[in-house]
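Text of structure_26.pdb (PDB, C-alpha atoms) as supplied:
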MODEL        1
ATOM      1  CA  MET A   1    -104.899 -55.348 306.360
ATOM      2  CA  ASN A   2    -106.402 -57.470 309.134
ATOM      3  CA  SER A   3    -109.830 -56.877 310.655
ATOM      4  CA  ARG A   4    -108.383 -55.173 313.742
ATOM      5  CA  ASP A   5    -106.551 -52.539 311.705
ATOM      6  CA  ALA A   6    -109.567 -52.076 309.439
ATOM      7  CA  ALA A   7    -111.759 -51.463 312.501
ATOM      8  CA  LEU A   8    -109.219 -48.957 313.854
ATOM      9  CA  ILE A   9    -109.208 -47.027 310.583
ATOM     10  CA  ALA A  10    -113.030 -47.021 310.422
ATOM     11  CA  SER A  11    -113.216 -45.666 313.989
ATOM     12  CA  VAL A  12    -110.655 -42.947 313.272
ATOM     13  CA  VAL A  13    -112.472 -41.836 310.120
ATOM     14  CA  ALA A  14    -115.749 -41.577 312.049
ATOM     15  CA  VAL A  15    -114.133 -39.567 314.867
ATOM     16  CA  TRP A  16    -112.420 -37.197 312.426
ATOM     17  CA  GLY A  17    -115.666 -36.695 310.536
ATOM     18  CA  ILE A  18    -117.415 -35.619 313.750
ATOM     19  CA  ASN A  19    -114.310 -33.608 314.646
ATOM     20  CA  PHE A  20    -115.196 -30.715 312.330
ATOM     21  CA  PHE A  21    -118.453 -30.126 314.198
ATOM     22  CA  PHE A  22    -116.531 -29.749 317.472
ATOM     23  CA  MET A  23    -113.969 -27.478 315.799
ATOM     24  CA  LYS A  24    -116.774 -25.123 314.842
ATOM     25  CA  ILE A  25    -118.214 -25.184 318.364
ATOM     26  CA  ALA A  26    -114.854 -24.360 319.937
ATOM     27  CA  LEU A  27    -114.024 -21.640 317.387
ATOM     28  CA  ASP A  28    -117.272 -19.847 318.266
ATOM     29  CA  GLU A  29    -115.664 -19.038 321.622
ATOM     30  CA  LEU A  30    -111.896 -19.187 321.073
ATOM     31  CA  PRO A  31    -109.536 -17.668 318.484
ATOM     32  CA  PRO A  32    -107.610 -20.216 316.376
ATOM     33  CA  MET A  33    -104.175 -20.115 318.040
ATOM     34  CA  LEU A  34    -105.603 -20.252 321.564
ATOM     35  CA  LEU A  35    -107.807 -23.210 320.627
ATOM     36  CA  GLY A  36    -104.690 -25.010 319.405
ATOM     37  CA  MET A  37    -102.795 -24.130 322.590
ATOM     38  CA  LEU A  38    -105.541 -25.521 324.848
ATOM     39  CA  ARG A  39    -105.983 -28.609 322.680
ATOM     40  CA  PHE A  40    -102.346 -29.655 322.874
ATOM     41  CA  LEU A  41    -102.014 -28.600 326.508
ATOM     42  CA  LEU A  42    -104.629 -31.261 327.307
ATOM     43  CA  VAL A  43    -102.910 -33.778 325.029
ATOM     44  CA  LEU A  44     -99.564 -33.136 326.718
ATOM     45  CA  PHE A  45    -100.586 -33.012 330.390
ATOM     46  CA  PRO A  46    -100.777 -35.157 332.413
ATOM     47  CA  ALA A  47     -99.898 -37.899 329.870
ATOM     48  CA  VAL A  48     -96.306 -36.675 329.450
ATOM     49  CA  TRP A  49     -95.573 -37.679 333.065
ATOM     50  CA  TRP A  50     -96.388 -41.382 332.553
ATOM     51  CA  VAL A  51     -95.821 -41.975 328.824
ATOM     52  CA  LYS A  52     -92.153 -42.599 328.018
ATOM     53  CA  ARG A  53     -90.537 -40.651 325.182
ATOM     54  CA  PRO A  54     -90.355 -42.751 322.000
ATOM     55  CA  GLN A  55     -86.935 -43.979 320.910
ATOM     56  CA  THR A  56     -86.334 -41.497 318.130
ATOM     57  CA  ALA A  57     -84.365 -38.292 317.733
ATOM     58  CA  TRP A  58     -85.859 -35.031 318.989
ATOM     59  CA  THR A  59     -85.529 -33.669 315.449
ATOM     60  CA  TRP A  60     -88.202 -36.057 314.203
ATOM     61  CA  LEU A  61     -90.440 -35.509 317.230
ATOM     62  CA  VAL A  62     -90.311 -31.756 316.675
ATOM     63  CA  LEU A  63     -90.970 -32.133 312.943
ATOM     64  CA  TYR A  64     -93.924 -34.431 313.660
ATOM     65  CA  GLY A  65     -95.423 -31.947 316.133
ATOM     66  CA  LEU A  66     -94.878 -28.893 313.958
ATOM     67  CA  SER A  67     -96.348 -30.548 310.861
ATOM     68  CA  ILE A  68     -99.211 -32.846 311.770
ATOM     69  CA  SER A  69    -100.251 -30.859 314.857
ATOM     70  CA  PHE A  70     -99.242 -27.193 314.693
ATOM     71  CA  GLY A  71     -99.064 -26.675 310.936
ATOM     72  CA  GLN A  72    -102.197 -28.625 310.123
ATOM     73  CA  PHE A  73    -104.443 -27.217 312.836
ATOM     74  CA  ALA A  74    -103.146 -23.651 312.902
ATOM     75  CA  LEU A  75    -104.065 -23.440 309.216
ATOM     76  CA  MET A  76    -107.293 -25.466 309.551
ATOM     77  CA  PHE A  77    -108.600 -23.401 312.481
ATOM     78  CA  THR A  78    -107.683 -20.214 310.624
ATOM     79  CA  ALA A  79    -109.545 -21.382 307.498
ATOM     80  CA  LEU A  80    -112.683 -22.154 309.521
ATOM     81  CA  ASP A  81    -112.373 -18.865 311.389
ATOM     82  CA  LEU A  82    -112.231 -17.062 308.021
ATOM     83  CA  GLY A  83    -115.579 -18.572 307.077
ATOM     84  CA  LEU A  84    -114.752 -21.791 305.239
ATOM     85  CA  PRO A  85    -117.697 -24.228 305.685
ATOM     86  CA  THR A  86    -116.821 -27.305 307.749
ATOM     87  CA  GLY A  87    -117.865 -29.754 305.023
ATOM     88  CA  LEU A  88    -115.717 -28.021 302.423
ATOM     89  CA  ALA A  89    -112.796 -27.854 304.869
ATOM     90  CA  ALA A  90    -113.100 -31.597 305.510
ATOM     91  CA  LEU A  91    -113.060 -32.092 301.749
ATOM     92  CA  LEU A  92    -110.138 -29.880 300.762
ATOM     93  CA  VAL A  93    -107.780 -31.041 303.515
ATOM     94  CA  GLN A  94    -107.851 -34.496 301.918
ATOM     95  CA  VAL A  95    -105.245 -33.353 299.402
ATOM     96  CA  GLN A  96    -102.985 -34.904 302.056
ATOM     97  CA  VAL A  97    -103.880 -38.329 300.683
ATOM     98  CA  PHE A  98    -102.405 -37.647 297.258
ATOM     99  CA  PHE A  99     -99.342 -35.855 298.659
ATOM    100  CA  THR A 100     -98.644 -38.727 301.076
ATOM    101  CA  VAL A 101     -99.040 -41.548 298.570
ATOM    102  CA  LEU A 102     -96.891 -39.892 295.906
ATOM    103  CA  VAL A 103     -94.086 -38.888 298.291
ATOM    104  CA  SER A 104     -94.085 -42.357 299.909
ATOM    105  CA  ALA A 105     -93.789 -43.947 296.472
ATOM    106  CA  VAL A 106     -90.820 -41.740 295.595
ATOM    107  CA  PHE A 107     -88.844 -41.739 298.857
ATOM    108  CA  PHE A 108     -89.845 -45.039 300.493
ATOM    109  CA  ARG A 109     -90.264 -47.007 297.253
ATOM    110  CA  GLU A 110     -93.695 -48.123 298.435
ATOM    111  CA  PRO A 111     -95.637 -49.886 295.688
ATOM    112  CA  VAL A 112     -98.567 -48.035 294.133
ATOM    113  CA  CYS A 113    -100.694 -50.516 292.200
ATOM    114  CA  LEU A 114    -102.845 -49.587 289.244
ATOM    115  CA  GLN A 115    -105.968 -50.304 291.288
ATOM    116  CA  HIS A 116    -104.758 -47.790 293.895
ATOM    117  CA  LEU A 117    -104.327 -45.086 291.262
ATOM    118  CA  TRP A 118    -107.736 -45.800 289.723
ATOM    119  CA  GLY A 119    -109.336 -45.872 293.162
ATOM    120  CA  MET A 120    -107.835 -42.534 294.175
ATOM    121  CA  ALA A 121    -108.773 -41.010 290.818
ATOM    122  CA  ALA A 122    -112.402 -42.111 291.289
ATOM    123  CA  ALA A 123    -112.407 -40.778 294.860
ATOM    124  CA  ALA A 124    -110.990 -37.468 293.626
ATOM    125  CA  VAL A 125    -113.898 -37.179 291.168
ATOM    126  CA  GLY A 126    -116.303 -37.894 294.011
ATOM    127  CA  LEU A 127    -114.686 -35.241 296.206
ATOM    128  CA  LEU A 128    -114.921 -32.769 293.327
ATOM    129  CA  LEU A 129    -118.667 -33.431 293.035
ATOM    130  CA  ILE A 130    -119.092 -32.931 296.785
ATOM    131  CA  GLY A 131    -117.165 -29.674 296.472
ATOM    132  CA  VAL A 132    -119.475 -28.515 293.669
ATOM    133  CA  GLY A 133    -122.498 -29.340 295.790
ATOM    134  CA  HIS A 134    -121.100 -27.693 298.902
ATOM    135  CA  TYR A 135    -119.709 -24.536 297.352
ATOM    136  CA  GLN A 136    -121.593 -21.494 298.590
ATOM    137  CA  GLY A 137    -120.914 -18.022 297.259
ATOM    138  CA  THR A 138    -117.443 -16.542 296.965
ATOM    139  CA  LEU A 139    -115.035 -17.984 299.485
ATOM    140  CA  PRO A 140    -111.997 -15.954 300.571
ATOM    141  CA  LEU A 141    -108.830 -17.072 298.790
ATOM    142  CA  SER A 142    -106.940 -16.923 302.085
ATOM    143  CA  ALA A 143    -109.263 -19.568 303.596
ATOM    144  CA  LEU A 144    -108.792 -21.874 300.613
ATOM    145  CA  LEU A 145    -104.999 -21.508 300.703
ATOM    146  CA  ALA A 146    -104.977 -22.102 304.462
ATOM    147  CA  VAL A 147    -106.870 -25.398 304.255
ATOM    148  CA  LEU A 148    -104.693 -26.622 301.366
ATOM    149  CA  GLY A 149    -101.660 -25.776 303.486
ATOM    150  CA  ALA A 150    -103.234 -27.804 306.307
ATOM    151  CA  GLY A 151    -103.447 -30.797 303.978
ATOM    152  CA  ALA A 152     -99.801 -30.411 302.980
ATOM    153  CA  SER A 153     -98.780 -30.229 306.661
ATOM    154  CA  TRP A 154    -100.747 -33.396 307.415
ATOM    155  CA  ALA A 155     -98.924 -35.148 304.556
ATOM    156  CA  VAL A 156     -95.531 -34.078 305.968
ATOM    157  CA  GLY A 157     -96.608 -35.536 309.317
ATOM    158  CA  ASN A 158     -97.606 -38.829 307.675
ATOM    159  CA  ILE A 159     -94.230 -39.072 305.946
ATOM    160  CA  THR A 160     -92.486 -38.322 309.249
ATOM    161  CA  VAL A 161     -94.378 -41.198 310.886
ATOM    162  CA  LYS A 162     -93.215 -43.499 308.110
ATOM    163  CA  HIS A 163     -89.614 -42.373 308.612
ATOM    164  CA  ILE A 164     -89.732 -42.799 312.393
ATOM    165  CA  GLY A 165     -91.015 -46.362 312.022
ATOM    166  CA  ARG A 166     -92.440 -48.602 314.688
ATOM    167  CA  VAL A 167     -92.482 -46.723 317.954
ATOM    168  CA  SER A 168     -95.322 -46.408 320.446
ATOM    169  CA  PRO A 169     -97.963 -44.356 318.563
ATOM    170  CA  LEU A 170     -99.345 -42.976 321.849
ATOM    171  CA  ALA A 171     -95.870 -41.831 322.893
ATOM    172  CA  LEU A 172     -95.367 -40.226 319.481
ATOM    173  CA  VAL A 173     -98.629 -38.258 319.758
ATOM    174  CA  VAL A 174     -97.929 -37.134 323.336
ATOM    175  CA  TRP A 175     -94.277 -36.168 322.934
ATOM    176  CA  GLY A 176     -94.869 -34.737 319.473
ATOM    177  CA  SER A 177     -97.280 -32.337 321.161
ATOM    178  CA  VAL A 178     -94.411 -30.614 323.005
ATOM    179  CA  SER A 179     -93.374 -28.619 319.932
ATOM    180  CA  ALA A 180     -97.014 -28.101 318.866
ATOM    181  CA  PHE A 181     -97.989 -26.695 322.271
ATOM    182  CA  ALA A 182     -94.919 -24.455 322.387
ATOM    183  CA  ALA A 183     -95.665 -23.057 318.914
ATOM    184  CA  PHE A 184     -99.350 -22.437 319.677
ATOM    185  CA  ALA A 185     -98.495 -20.856 323.033
ATOM    186  CA  ALA A 186     -95.953 -18.491 321.452
ATOM    187  CA  ALA A 187     -98.436 -17.517 318.723
ATOM    188  CA  SER A 188    -101.199 -16.950 321.300
ATOM    189  CA  LEU A 189     -99.036 -14.737 323.495
ATOM    190  CA  TYR A 190     -97.968 -12.712 320.472
ATOM    191  CA  LEU A 191    -101.470 -12.296 319.030
ATOM    192  CA  TYR A 192    -103.648 -11.999 322.140
ATOM    193  CA  GLY A 193    -101.324 -11.219 325.033
ATOM    194  CA  GLY A 194    -101.498 -12.727 328.509
ATOM    195  CA  SER A 195    -104.637 -10.806 329.514
ATOM    196  CA  GLY A 196    -106.381 -11.759 326.274
ATOM    197  CA  ILE A 197    -105.651 -15.452 326.867
ATOM    198  CA  VAL A 198    -107.025 -15.244 330.426
ATOM    199  CA  ASN A 199    -110.179 -13.405 329.281
ATOM    200  CA  HIS A 200    -110.941 -15.918 326.516
ATOM    201  CA  ILE A 201    -110.473 -18.898 328.819
ATOM    202  CA  GLY A 202    -112.527 -17.265 331.560
ATOM    203  CA  ASN A 203    -115.462 -16.766 329.190
ATOM    204  CA  LEU A 204    -115.576 -20.376 327.980
ATOM    205  CA  SER A 205    -118.994 -22.053 328.225
ATOM    206  CA  ILE A 206    -119.662 -25.748 328.794
ATOM    207  CA  LYS A 207    -120.112 -26.117 325.045
ATOM    208  CA  GLY A 208    -116.709 -24.550 324.354
ATOM    209  CA  VAL A 209    -115.033 -26.775 326.945
ATOM    210  CA  ALA A 210    -116.672 -29.850 325.378
ATOM    211  CA  GLY A 211    -115.296 -28.814 321.988
ATOM    212  CA  VAL A 212    -111.730 -28.486 323.305
ATOM    213  CA  VAL A 213    -111.929 -31.773 325.246
ATOM    214  CA  PHE A 214    -113.212 -33.700 322.208
ATOM    215  CA  LEU A 215    -110.464 -32.274 319.986
ATOM    216  CA  ALA A 216    -107.768 -33.111 322.536
ATOM    217  CA  TYR A 217    -108.731 -36.587 323.667
ATOM    218  CA  CYS A 218    -110.913 -38.109 320.943
ATOM    219  CA  SER A 219    -109.379 -36.554 317.835
ATOM    220  CA  SER A 220    -105.738 -36.208 318.903
ATOM    221  CA  LEU A 221    -104.939 -38.828 321.551
ATOM    222  CA  ILE A 222    -107.234 -41.598 320.315
ATOM    223  CA  GLY A 223    -107.452 -40.672 316.628
ATOM    224  CA  TYR A 224    -103.808 -39.975 315.849
ATOM    225  CA  THR A 225    -102.569 -42.810 318.072
ATOM    226  CA  ALA A 226    -104.664 -45.309 316.114
ATOM    227  CA  TRP A 227    -103.799 -43.664 312.768
ATOM    228  CA  GLY A 228    -100.070 -43.689 313.480
ATOM    229  CA  SER A 229    -100.237 -47.288 314.658
ATOM    230  CA  VAL A 230    -101.804 -48.530 311.416
ATOM    231  CA  LEU A 231     -99.655 -46.250 309.233
ATOM    232  CA  SER A 232     -96.458 -47.610 310.790
ATOM    233  CA  ARG A 233     -97.444 -51.192 309.857
ATOM    234  CA  HIS A 234     -98.843 -50.717 306.347
ATOM    235  CA  PRO A 235     -97.859 -48.813 303.183
ATOM    236  CA  ALA A 236     -99.198 -45.261 303.064
ATOM    237  CA  GLY A 237    -100.948 -46.066 299.786
ATOM    238  CA  LYS A 238    -103.129 -48.583 301.607
ATOM    239  CA  VAL A 239    -103.925 -46.476 304.672
ATOM    240  CA  THR A 240    -104.239 -42.786 303.763
ATOM    241  CA  PRO A 241    -106.962 -43.162 301.073
ATOM    242  CA  PHE A 242    -109.389 -44.154 303.845
ATOM    243  CA  ALA A 243    -109.196 -40.530 305.031
ATOM    244  CA  LEU A 244    -111.168 -39.663 301.892
ATOM    245  CA  LEU A 245    -114.218 -40.868 303.837
ATOM    246  CA  VAL A 246    -113.772 -38.102 306.437
ATOM    247  CA  PRO A 247    -115.673 -35.443 304.420
ATOM    248  CA  VAL A 248    -118.438 -38.000 303.804
ATOM    249  CA  PHE A 249    -118.858 -38.436 307.573
ATOM    250  CA  ALA A 250    -118.596 -34.662 308.079
ATOM    251  CA  LEU A 251    -121.401 -34.031 305.583
ATOM    252  CA  VAL A 252    -123.623 -36.713 307.129
ATOM    253  CA  VAL A 253    -123.059 -35.251 310.615
ATOM    254  CA  GLY A 254    -123.996 -31.820 309.265
ATOM    255  CA  TYR A 255    -127.133 -33.302 307.712
ATOM    256  CA  VAL A 256    -128.224 -35.153 310.874
ATOM    257  CA  VAL A 257    -127.063 -32.786 313.631
ATOM    258  CA  LEU A 258    -127.054 -29.359 311.983
ATOM    259  CA  ASN A 259    -129.955 -30.022 309.589
ATOM    260  CA  GLU A 260    -127.800 -29.035 306.601
ATOM    261  CA  ARG A 261    -129.354 -30.008 303.287
ATOM    262  CA  LEU A 262    -127.569 -32.450 301.000
ATOM    263  CA  GLY A 263    -128.240 -32.179 297.289
ATOM    264  CA  ILE A 264    -127.792 -34.602 294.434
ATOM    265  CA  TRP A 265    -124.151 -33.489 293.984
ATOM    266  CA  HIS A 266    -123.367 -34.515 297.573
ATOM    267  CA  TRP A 267    -125.003 -37.937 297.296
ATOM    268  CA  ALA A 268    -123.434 -38.630 293.905
ATOM    269  CA  GLY A 269    -120.018 -37.581 295.190
ATOM    270  CA  MET A 270    -120.299 -39.738 298.316
ATOM    271  CA  GLY A 271    -121.305 -42.731 296.205
ATOM    272  CA  ILE A 272    -118.318 -42.288 293.902
ATOM    273  CA  VAL A 273    -115.940 -41.882 296.867
ATOM    274  CA  MET A 274    -117.230 -45.164 298.305
ATOM    275  CA  ALA A 275    -116.850 -46.856 294.910
ATOM    276  CA  GLY A 276    -113.305 -45.486 294.569
ATOM    277  CA  LEU A 277    -112.341 -46.866 297.980
ATOM    278  CA  ALA A 278    -113.861 -50.243 297.106
ATOM    279  CA  LEU A 279    -111.772 -50.255 293.936
ATOM    280  CA  HIS A 280    -108.708 -49.241 295.941
ATOM    281  CA  ILE A 281    -109.204 -52.106 298.409
ATOM    282  CA  PHE A 282    -110.536 -54.951 296.261
ATOM    283  CA  GLY A 283    -109.372 -54.029 292.763
ATOM    284  CA  ILE A 284    -111.176 -54.960 289.564
ATOM    285  CA  PRO A 285    -112.493 -58.530 289.500
ATOM    286  CA  SER A 286    -110.686 -60.629 286.936
ATOM    287  CA  ARG A 287    -112.457 -61.886 283.846
ATOM    288  CA  ARG A 288    -112.150 -65.436 285.144
ATOM    289  CA  LYS A 289    -113.873 -64.535 288.383
ATOM    290  CA  ARG A 290    -116.635 -62.728 286.532
ATOM    291  CA  GLN A 291    -117.195 -65.785 284.399
TER
ENDMDL
END
As structure tokens, how would this structure be written, given the file I've shared?
Amino acid sequence: MNSRDAALIASVVAVWGINFFFMKIALDELPPMLLGMLRFLLVLFPAVWWVKRPQTAWTWLVLYGLSISFGQFALMFTALDLGLPTGLAALLVQVQVFFTVLVSAVFFREPVCLQHLWGMAAAAVGLLLIGVGHYQGTLPLSALLAVLGAGASWAVGNITVKHIGRVSPLALVVWGSVSAFAAFAAASLYLYGGSGIVNHIGNLSIKGVAGVVFLAYCSSLIGYTAWGSVLSRHPAGKVTPFALLVPVFALVVGYVVLNERLGIWHWAGMGIVMAGLALHIFGIPSRRKRQ
């Protein structure tokens, strides 16, 4: 991976780590399905008028939108709304990494080196330690299942990107939002009704608007455009493990911005995640090099 792609991935990971803070802000004022509707409304318009549709079948565009956008965020927003802490949500959704790498190895015959497996195993141990440190009380099973479902949906979206191949990543994000917006809009009308939607939007504060705008433009348009661009050029096993750093960023943001305490489990877990990613990228130095 060249330095440009590495910088793109680092930027995306940082944005997605901050993303959970803005999710929480927006969910304080909007119910989950309406937040998703507004998010993808902003992603879709006005960009859809000047971004050409990517050269791929509508079937794949719809699948991309329903998986990586609607499925992932409908379940993620619901999990947070049910009380799942943002740091733990950022952690658990990373099951997408393991789903994506394994499915890509099976269906796309992408190579998975031993160093990749060891690196992901080490990162998984680190994430487990972070989870131990972040676990607070008894969490509702429905919230846990929802965030795991969000991770699975993200993985399906990653695999869809691999299948679609090299198209404009910006066009894919914009036009993939058609099905996501339609699904969120239908769910919002069913759950809240037209008057409920109008009342919620009318009561939005500046803080709530900022949350929606960040999710739409920074996380979706910029984040997923860059992510899809790198993923289309490199094997999933090389790209998706970098998402394991997202919960590390989310925890640091919580520590700095929200004054959330980090214990020894958090720091140990973050260190092991970093070591696992280093192993994933650089491998184990050979005996000759060590000598």
Can you pull out the residues contacting A:Ala243? Cut-off 9 Å, using only C-alpha atoms, and skip same-chain residues under 5 positions away; I want them as an MDAnalysis selection string. chainID A and resid 9 12:13 16 94 96:97
With only C-alpha atoms counted and 6 Å as the cut-off, give the residues of stretch 18-75 of chain A in contact with stretch 169-183 of chain A, each with its shortest interatomic distance in Å and the pair that gives it, as a tab-separated table.
residue	atom	partner	partner_atom	distance
A:Met37	CA	A:Phe181	CA	5.5
A:Phe40	CA	A:Phe181	CA	5.3
A:Leu44	CA	A:Val174	CA	5.5
A:Val51	CA	A:Ala171	CA	5.9
A:Arg53	CA	A:Ala171	CA	5.9
A:Pro54	CA	A:Ala171	CA	5.7
A:Leu61	CA	A:Gly176	CA	5.0
A:Val62	CA	A:Ser179	CA	5.5
A:Tyr64	CA	A:Gly176	CA	5.9
A:Gly65	CA	A:Gly176	CA	4.4
A:Leu66	CA	A:Ala180	CA	5.4
A:Ser69	CA	A:Ala180	CA	5.8
A:Phe70	CA	A:Ala180	CA	4.8
Neighbour list for A:Val213 as a PyMOL selection string, cut-off 12 Å, all atoms listed in the file, skip fewer than 5 positions in-chain: chain A and resi 19+22-23+25-26+35-36+38-43+206-208+218-222
One residue among A:Thr225, A:Thr160, A:Thr100, A:Ser205 is nearest to A:Thr59 when using all atoms listed in the file, and that residue is A:Thr160
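The gap separating atom CA of A:Val161 from atom CA of A:Ala250 is 25.2 Å, in Å to one decimal.
Here the question is which of A:Leu102, A:Ala226, A:Ala150, A:Ala90 gets nearest to A:Phe21 using all atoms listed in the file, and that residue is A:Ala90.
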May I have the residues within 12 Å of A:Val230 as an MDAnalysis selection string, using all atoms listed in the file and disregarding those fewer than 4 positions away in the same chain? chainID A and resid 1:10 12 158 161:162 165:169 223:226 234:240 242
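Note that atom CA of A:Met33 and atom CA of A:Gly196 are 11.9 Å apart.
Here atom CA of A:Leu84 stands at a distance of 10.8 Å from atom CA of A:Leu145.
The closest residue to A:Gly276, picked from A:Gly151, A:Pro85, A:Pro241, A:Gly119 and counting only C-alpha atoms, is A:Gly119.
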Can you list, as a PyMOL selection string, the residues that the PyMOL selection byres ((chain A and resi 146-149) around 6) selects here? chain A and resi 75-76+79+93+143-145+150-152
Closest to A:Ala123 among A:Gly228, A:Phe98, A:Ala105, A:His163, using only C-alpha atoms? A:Phe98
First collect every listed atom of stretch 79-96 of chain A; then fit an axis-aligned box around them, widen it by 4 Å on each side, and give centre and edge lengths in Å to one decimal, as lines of an AutoDock Vina configuration file.
center_x = -110.4
center_y = -26.0
center_z = 305.4
size_x = 22.9
size_y = 25.8
size_z = 20.0
Quick one: of A:Ser153, A:Phe99, A:Ser67, A:Glu29, who's nearest to A:Leu204, counting all atoms listed in the file? A:Glu29
Nearest residue to A:Pro247 from the set A:Val101, A:Ala275, A:Ile159, A:Ala89 (distances using only C-alpha atoms): A:Ala89
Quick one: everything within 8 Å of A:Gly87, counting only C-alpha atoms, minus sequence neighbours fewer than 4 positions away in the same chain. Send it as a ChimeraX atom specification. /A:20,91,134,247,250-251,254
